[in-house]
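**Q** Here you go, one structure.
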Amino acid sequence: MKDVQRLAIVDPSDATREPLRNLLLGVETVWLEAECSRYEFFVDVVKQSTPDIVVVALDTDHTKALQLIQQLTAEMPKLPILAVSSRGDGQSILQALRAGAKEFLTAPVVLEELLTALQRLRASRGGPDGTPSANGQGHSQSLVISVIGSRGGVGSTSIAVNLGCNLAQDANFNVALIDLDLALGDVDVALDLIPDYTLADVAMNVDRLDMAFLRRSLCKHACGLSVLPHPVQMEDISLIHEDHLGRVINLLRASYSHLIFDLSKRYTPTDMTAMRASDVVLLVCQLELTSLRNVVRMLHSFSQEEALAEKIRVVVNRVGSDDCDISLKKAEETIGRSIYWQVPNDYKAVLGSRNAGEPLLTHAPRSKAQQSLQGLANALCGKDQQPAPKKERRSFFSFR
Ligand SMILES: Nc1ncnc2c1ncn2[C@@H]1O[C@H](COP(=O)(O)OP(=O)(O)O)[C@@H](O)[C@H]1O
Ligand SMILES: [Mg+2]
């Protein structure tokens with residue numbers, strides 16, 4: 001709990017304090033230390049509860065509220081103050097900032113703006129060494145990974161699911177897998193999950209989405225991975241717009257240390273939104289002509305967008321299968337870049353685990369595929385490699 005921000009709020013009006021409180025209670029990284037309904041008592045409340053941040057709602061009485069901010073600033077100069085008012089004009093903002101507030105939010109407060117303000121306050125306070133705490137919580141620290149295939153059946157879902165399950169084994173991580181193969185996704189089947197909610201429910205409620213609702217919408221697998229499946233009804237796909245997804249991603253970033261998107265192979269606007277929001281895009285292929293040709297085409301298309309092109313990592317799946325008619329060296333020459341990771345062909349383990357609806361780490365923990373995908377998870381979060389593999393198997397674990 002070391003990265004929780006402890007807040008105290010003052011707002012004499014029940015009508016605005018309640019929604020603000022509910023919003024704050026939904027944020028996992030916030031602990032509401034104290035709530036006060038009188039400006040005149042608040043300094044004492046703050047002295048007793050010693051919060052990390054205080055929130056002062058101005059609207060009941062601007063003059064009193066600004067005096068309070070001045071007093072708090074004079075007595076506790078290091079305490080960050082967040083002012084909230086429905087009057088978001090330049091003059092009001094300036095008055096609050098001049099009185100000593102560090103941040104100003106316009107009421108009714110929107111969750112993303114609150115999170116961004118809290119993030120900025122966290123960053124400005126910093127850790128012991130003055131740097132923001134890196135806890136995997138919050139906007140800038142989450143690792144967002146998209147998995148996209150270079151044709152159907154190339155293994156993207158198998159990789160996305162098992163990557164997610166492996167990452168979720170780290171007790172410090174909070175990992176969510178979002179099935180963005182909206183029409184034909186099968187993450188739920190791969191993990192034998194029967195979800196109460198899907199992405200369609202989240203999209204339908206996007207305007208009144210809060211953190212608590214969003215977290216409830218994800219279903220948790222026994223291995224620790226949280227999953228948001230694709231819509232059950234095909235006709236619900238049209239409910240999901242890319243701007244919805246952008247909002248959902250921002251909120252999920254605040255709650256999860258790792259987000260993984262299993263994308264469709266149709267380059268839909270939602271796929272593009274997810275890739276743009278990602279830190280890493282795993283482009284999955286196999287050592288055969290159609291798949292590699294598509295990698296070349298996809299890389300060419302992504303190269304139009306520099307920020308996107310830099311994120312692409314090529315992952316070759318099913319290395320060693322009878323269908324591999326192209327060598328790794330030739331594949332690298334063809335696509336013009338090095339291969340980031342190789343996953344061995346492991347038909348029995350992968351198909352068996354898919355049919356059983358279980359991740360590899362429980363179904364076939366010692367299998368070659370599981371070892372490789374565990375290595376991929378470690379490599380992506382900068383952890384040490386597996387113990388040095390035997391020489392002849394090196395290629396399966398190599399990280400370039
Ligand atoms: N490394 C692997 N070794 C053997 N079979 C695999 C491997 N990866 C995936 N498969 C098999 O390939 C099929 C398609 O995989 P899937 O992950 O659903 O692909 P996609 O999501 O790209 O359509 C599945 O039957 C799966 O069992
Ligand atoms: Mg798939």
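In the structure tokens, the first chain shown is A, the next is B, and so on; residue numbers restart at 1 for each chain, and ligands run from 1 in the order shown.
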So that I can check the surroundings of Asn355 of chain A, please list as a list of chain:residue names every protein, DNA and RNA residue that reaches within 10 Å of it, counting only C-alpha atoms and ignoring chain neighbours fewer than 4 positions away.

**A**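 Listing them by chain and then by number gives A:Val189, A:Ala190, A:Leu191, A:Asp192, A:Ala349, A:Val350, A:Leu351.
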
**Q** Residues at most 9 Å from ligand 2, using only C-alpha atoms and all ligand atoms? Could they come as a PDB file with C-alpha atoms, in the first residue's frame?

**A**
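Final file, part30.pdb:
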ATOM      1  CA  ILE A 148      -1.399  -8.822 -33.524  1.00  0.00           C
ATOM      2  CA  GLY A 149      -1.133 -11.707 -35.975  1.00  0.00           C
ATOM      3  CA  GLY A 152      -5.436 -16.083 -38.909  1.00  0.00           C
ATOM      4  CA  GLY A 153      -4.335 -18.987 -36.741  1.00  0.00           C
ATOM      5  CA  VAL A 154      -0.772 -17.755 -36.371  1.00  0.00           C
ATOM      6  CA  GLY A 155      -0.918 -18.007 -32.568  1.00  0.00           C
ATOM      7  CA  SER A 156      -1.677 -14.473 -31.323  1.00  0.00           C
ATOM      8  CA  THR A 157      -4.345 -15.516 -28.847  1.00  0.00           C
ATOM      9  CA  SER A 158      -2.177 -18.332 -27.480  1.00  0.00           C
ATOM     10  CA  ALA A 160      -1.499 -13.064 -25.546  1.00  0.00           C
ATOM     11  CA  ASP A 179     -10.004  -9.244 -26.135  1.00  0.00           C
ATOM     12  CA  ASP A 181     -10.835  -9.460 -31.633  1.00  0.00           C
ATOM     13  CA  LEU A 184     -14.201 -13.819 -33.391  1.00  0.00           C
ATOM     14  CA  GLY A 185     -12.147 -13.493 -30.225  1.00  0.00           C
ATOM     15  CA  ASP A 186     -11.675 -16.566 -28.059  1.00  0.00           C
ATOM     16  CA  VAL A 187      -9.729 -15.447 -25.008  1.00  0.00           C
ATOM     17  CA  ASP A 262      -5.385  -9.460 -28.302  1.00  0.00           C
ATOM     18  CA  LEU A 263      -6.174  -7.706 -31.590  1.00  0.00           C
ATOM     19  CA  SER A 264      -8.166  -8.751 -34.626  1.00  0.00           C
ATOM     20  CA  LYS A 265      -6.466  -9.205 -37.956  1.00  0.00           C
TER      21      LYS A 265
END

**Q** Tell me, in Å to one decimal, how far atom CA of Lys330 of chain A is from atom 24 (C, counted along the ligand's line) of ligand 1.

**A**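 Going from atom CA of Lys330 of chain A over to atom 24 (C, counted along the ligand's line) of ligand 1 covers 25.0 Å.
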
**Q** Report as an MDAnalysis selection string all protein, DNA and RNA residues lying within 6 Å of segment 360-372 of chain A, evaluated on only C-alpha atoms, omitting residues in the same chain fewer than 3 positions from it.

**A** chainID A and resid 343:344 346 349 353 375

**Q** Might you pull out every residue within 9 Å of segment 75-81 of chain A, with only C-alpha atoms counted and same-chain residues fewer than 4 positions away left off, and present them as number ranges by chain?

**A** A: 43, 51-56, 69-71, 100-104, 121, 125

**Q** Using only C-alpha atoms and all ligand atoms, which residue out of A:Ser86, A:Thr268, A:Asn378, A:Ser150 lies closest to ligand 1?

**A**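 Between A:Ser86, A:Thr268, A:Asn378, A:Ser150, the residue approaching ligand 1 most closely is A:Ser150.
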
**Q** As a list in words, list the residues of segment 221-348 of chain A assigned to strand (DSSP E or B) by DSSP on the backbone atoms of this structure.

**A** Ser226, Val227, Leu228, His258, Leu259, Ile260, Phe261, Asp262, Leu263, Val280, Val281, Leu282, Leu283, Val284, Cys285, Ile312, Arg313, Val314, Val315, Val316, Asn317, Arg318, Val319, Trp341, Gln342, Val343 and Pro344 of chain A

**Q** Do you have, as CSV, the list of residues of segment 227-343 of chain A lying at most 12 Å from segment 168-172 of chain A, each with its nearest atom pair and that distance in Å to one decimal, counting only C-alpha atoms and ordered by chain then number?

**A**
residue,atom,partner,partner_atom,distance
A:Val227,CA,A:Ala168,CA,11.4
A:Tyr256,CA,A:Asn172,CA,10.4
A:Ser257,CA,A:Asn172,CA,8.5
A:His258,CA,A:Ala168,CA,8.8
A:Leu259,CA,A:Ala168,CA,10.7
A:Ile260,CA,A:Ala168,CA,11.3

**Q** Just to be explicit: take each residue in the selection above, keep N, CA and C atoms, and write the result as a PDB file, in the first residue's frame.

**A**
ATOM      1  N   VAL A 227      -9.587 -10.414 -17.036  1.00  0.00           N
ATOM      2  CA  VAL A 227      -9.908 -10.513 -18.461  1.00  0.00           C
ATOM      3  C   VAL A 227     -11.176  -9.728 -18.784  1.00  0.00           C
ATOM      4  N   TYR A 256      -4.117  -1.014 -13.545  1.00  0.00           N
ATOM      5  CA  TYR A 256      -3.355  -2.227 -13.861  1.00  0.00           C
ATOM      6  C   TYR A 256      -1.924  -1.877 -14.243  1.00  0.00           C
ATOM      7  N   SER A 257      -1.011  -2.737 -13.820  1.00  0.00           N
ATOM      8  CA  SER A 257       0.399  -2.475 -14.152  1.00  0.00           C
ATOM      9  C   SER A 257       0.698  -2.921 -15.581  1.00  0.00           C
ATOM     10  N   HIS A 258      -0.043  -3.909 -16.076  1.00  0.00           N
ATOM     11  CA  HIS A 258       0.184  -4.424 -17.424  1.00  0.00           C
ATOM     12  C   HIS A 258      -1.155  -4.615 -18.131  1.00  0.00           C
ATOM     13  N   LEU A 259      -1.250  -4.084 -19.348  1.00  0.00           N
ATOM     14  CA  LEU A 259      -2.444  -4.314 -20.175  1.00  0.00           C
ATOM     15  C   LEU A 259      -2.003  -5.050 -21.425  1.00  0.00           C
ATOM     16  N   ILE A 260      -2.765  -6.085 -21.783  1.00  0.00           N
ATOM     17  CA  ILE A 260      -2.449  -6.811 -23.018  1.00  0.00           C
ATOM     18  C   ILE A 260      -3.697  -6.801 -23.896  1.00  0.00           C
TER      19      ILE A 260
END

**Q** Which one of A:Ser124, A:Ser142, A:Thr50, A:Asn250 sits closest to Val280 of chain A if you count only C-alpha atoms?

**A** A:Ser142

**Q** Measuring atom to atom with only C-alpha atoms and all ligand atoms, identify which of A:Leu163, A:Ile249, A:Val144, A:Leu66 is nearest to ligand 1.

**A**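 Using only C-alpha atoms and all ligand atoms, ligand 1 sits closest to A:Leu163.
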
**Q** Pull the helix (DSSP H, G or I) assignments for segment 46-174 of chain A out of DSSP run on the backbone, and list those residues as number ranges by chain.

**A** A: 46-49, 62-75, 90-99, 111-125, 139-141, 156-167

**Q** Just to be explicit: take each residue in the selection above, keep C-alpha atoms, and write the result as a compact mmCIF listing (two decimals), in the first residue's frame.

**A**
# COMPACT_ATOMS: atom_id res chain seq x y z
CA VAL A 46 -5.61 18.08 8.34
CA LYS A 47 -3.24 18.39 11.29
CA GLN A 48 -4.74 15.31 12.88
CA SER A 49 -5.11 13.14 9.81
CA HIS A 62 -15.13 31.19 -2.47
CA THR A 63 -13.75 33.80 -0.07
CA LYS A 64 -13.62 31.41 2.89
CA ALA A 65 -12.23 28.60 0.75
CA LEU A 66 -9.44 30.79 -0.63
CA GLN A 67 -8.56 31.98 2.88
CA LEU A 68 -8.41 28.34 3.95
CA ILE A 69 -6.04 27.53 1.07
CA GLN A 70 -3.84 30.47 2.10
CA GLN A 71 -3.79 29.31 5.72
CA LEU A 72 -2.98 25.71 4.76
CA THR A 73 -0.18 26.92 2.48
CA ALA A 74 1.26 29.12 5.24
CA GLU A 75 1.13 26.43 7.91
CA GLY A 90 -9.30 31.95 -15.86
CA GLN A 91 -9.90 34.36 -13.00
CA SER A 92 -11.12 31.65 -10.59
CA ILE A 93 -8.27 29.33 -11.49
CA LEU A 94 -5.74 32.11 -11.02
CA GLN A 95 -7.16 33.06 -7.61
CA ALA A 96 -6.95 29.47 -6.39
CA LEU A 97 -3.40 29.01 -7.67
CA ARG A 98 -2.28 32.36 -6.22
CA ALA A 99 -3.73 31.35 -2.84
CA LEU A 111 -12.18 10.80 -13.48
CA GLU A 112 -9.36 11.10 -16.03
CA GLU A 113 -8.66 14.70 -15.01
CA LEU A 114 -8.58 13.69 -11.37
CA LEU A 115 -6.18 10.84 -12.12
CA THR A 116 -3.93 13.10 -14.17
CA ALA A 117 -3.87 15.71 -11.41
CA LEU A 118 -3.08 13.06 -8.77
CA GLN A 119 -0.38 11.68 -11.03
CA ARG A 120 1.17 15.12 -11.41
CA LEU A 121 1.08 15.70 -7.67
CA ARG A 122 2.66 12.30 -7.09
CA ALA A 123 5.38 13.11 -9.61
CA SER A 124 6.03 16.53 -8.11
CA ARG A 125 6.36 15.09 -4.62
CA HIS A 139 -0.68 6.36 -16.30
CA SER A 140 2.96 6.56 -17.06
CA GLN A 141 4.12 3.37 -15.42
CA SER A 156 -1.68 -14.47 -31.32
CA THR A 157 -4.34 -15.52 -28.85
CA SER A 158 -2.18 -18.33 -27.48
CA ILE A 159 0.67 -15.87 -27.00
CA ALA A 160 -1.50 -13.06 -25.55
CA VAL A 161 -3.23 -15.39 -23.06
CA ASN A 162 -0.08 -17.14 -21.85
CA LEU A 163 1.90 -13.93 -21.72
CA GLY A 164 -0.84 -12.47 -19.51
CA CYS A 165 -0.95 -15.52 -17.23
CA ASN A 166 2.82 -15.55 -16.84
CA LEU A 167 2.99 -11.84 -16.04

**Q** Please report the interatomic distance between atom CA of Ser13 of chain A and atom CA of Thr60 of chain A in Å with one decimal.

**A** 6.5 Å

**Q** Near Val314 of chain A, within 12 Å and counting only C-alpha atoms, which residues show up once chain neighbours fewer than 4 positions away are dropped, as a PyMOL selection string?

**A** chain A and resi 146-150+156+280-287+291-292+294-296+298-299+309-310+328+331-332+335-343+376+399-400

**Q** Using Å and a single decimal, report how far atom CA of Glu358 of chain A sits from atom 26 (C, counted along the ligand's line) of ligand 1.

**A** 12.5 Å

**Q** I'd like the contact shell of Val232 of chain A - 9 Å cut-off, only C-alpha atoms, skipping same-chain residues fewer than 5 positions apart - returned as number ranges by chain.

**A** A: 182-183, 198, 200, 237

**Q** Which one of A:Ala277, A:Ile194, A:Ala57, A:Ile326 sits closest to Leu252 of chain A if you count only C-alpha atoms?

**A**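 Answer, going by the shortest atom-to-atom distance: A:Ala277.
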
**Q** Which residue out of A:Leu180, A:Leu380, A:Val248, A:Val27 has the minimum interatomic distance to ligand 1 when only C-alpha atoms and all ligand atoms are used?

**A** A:Leu180
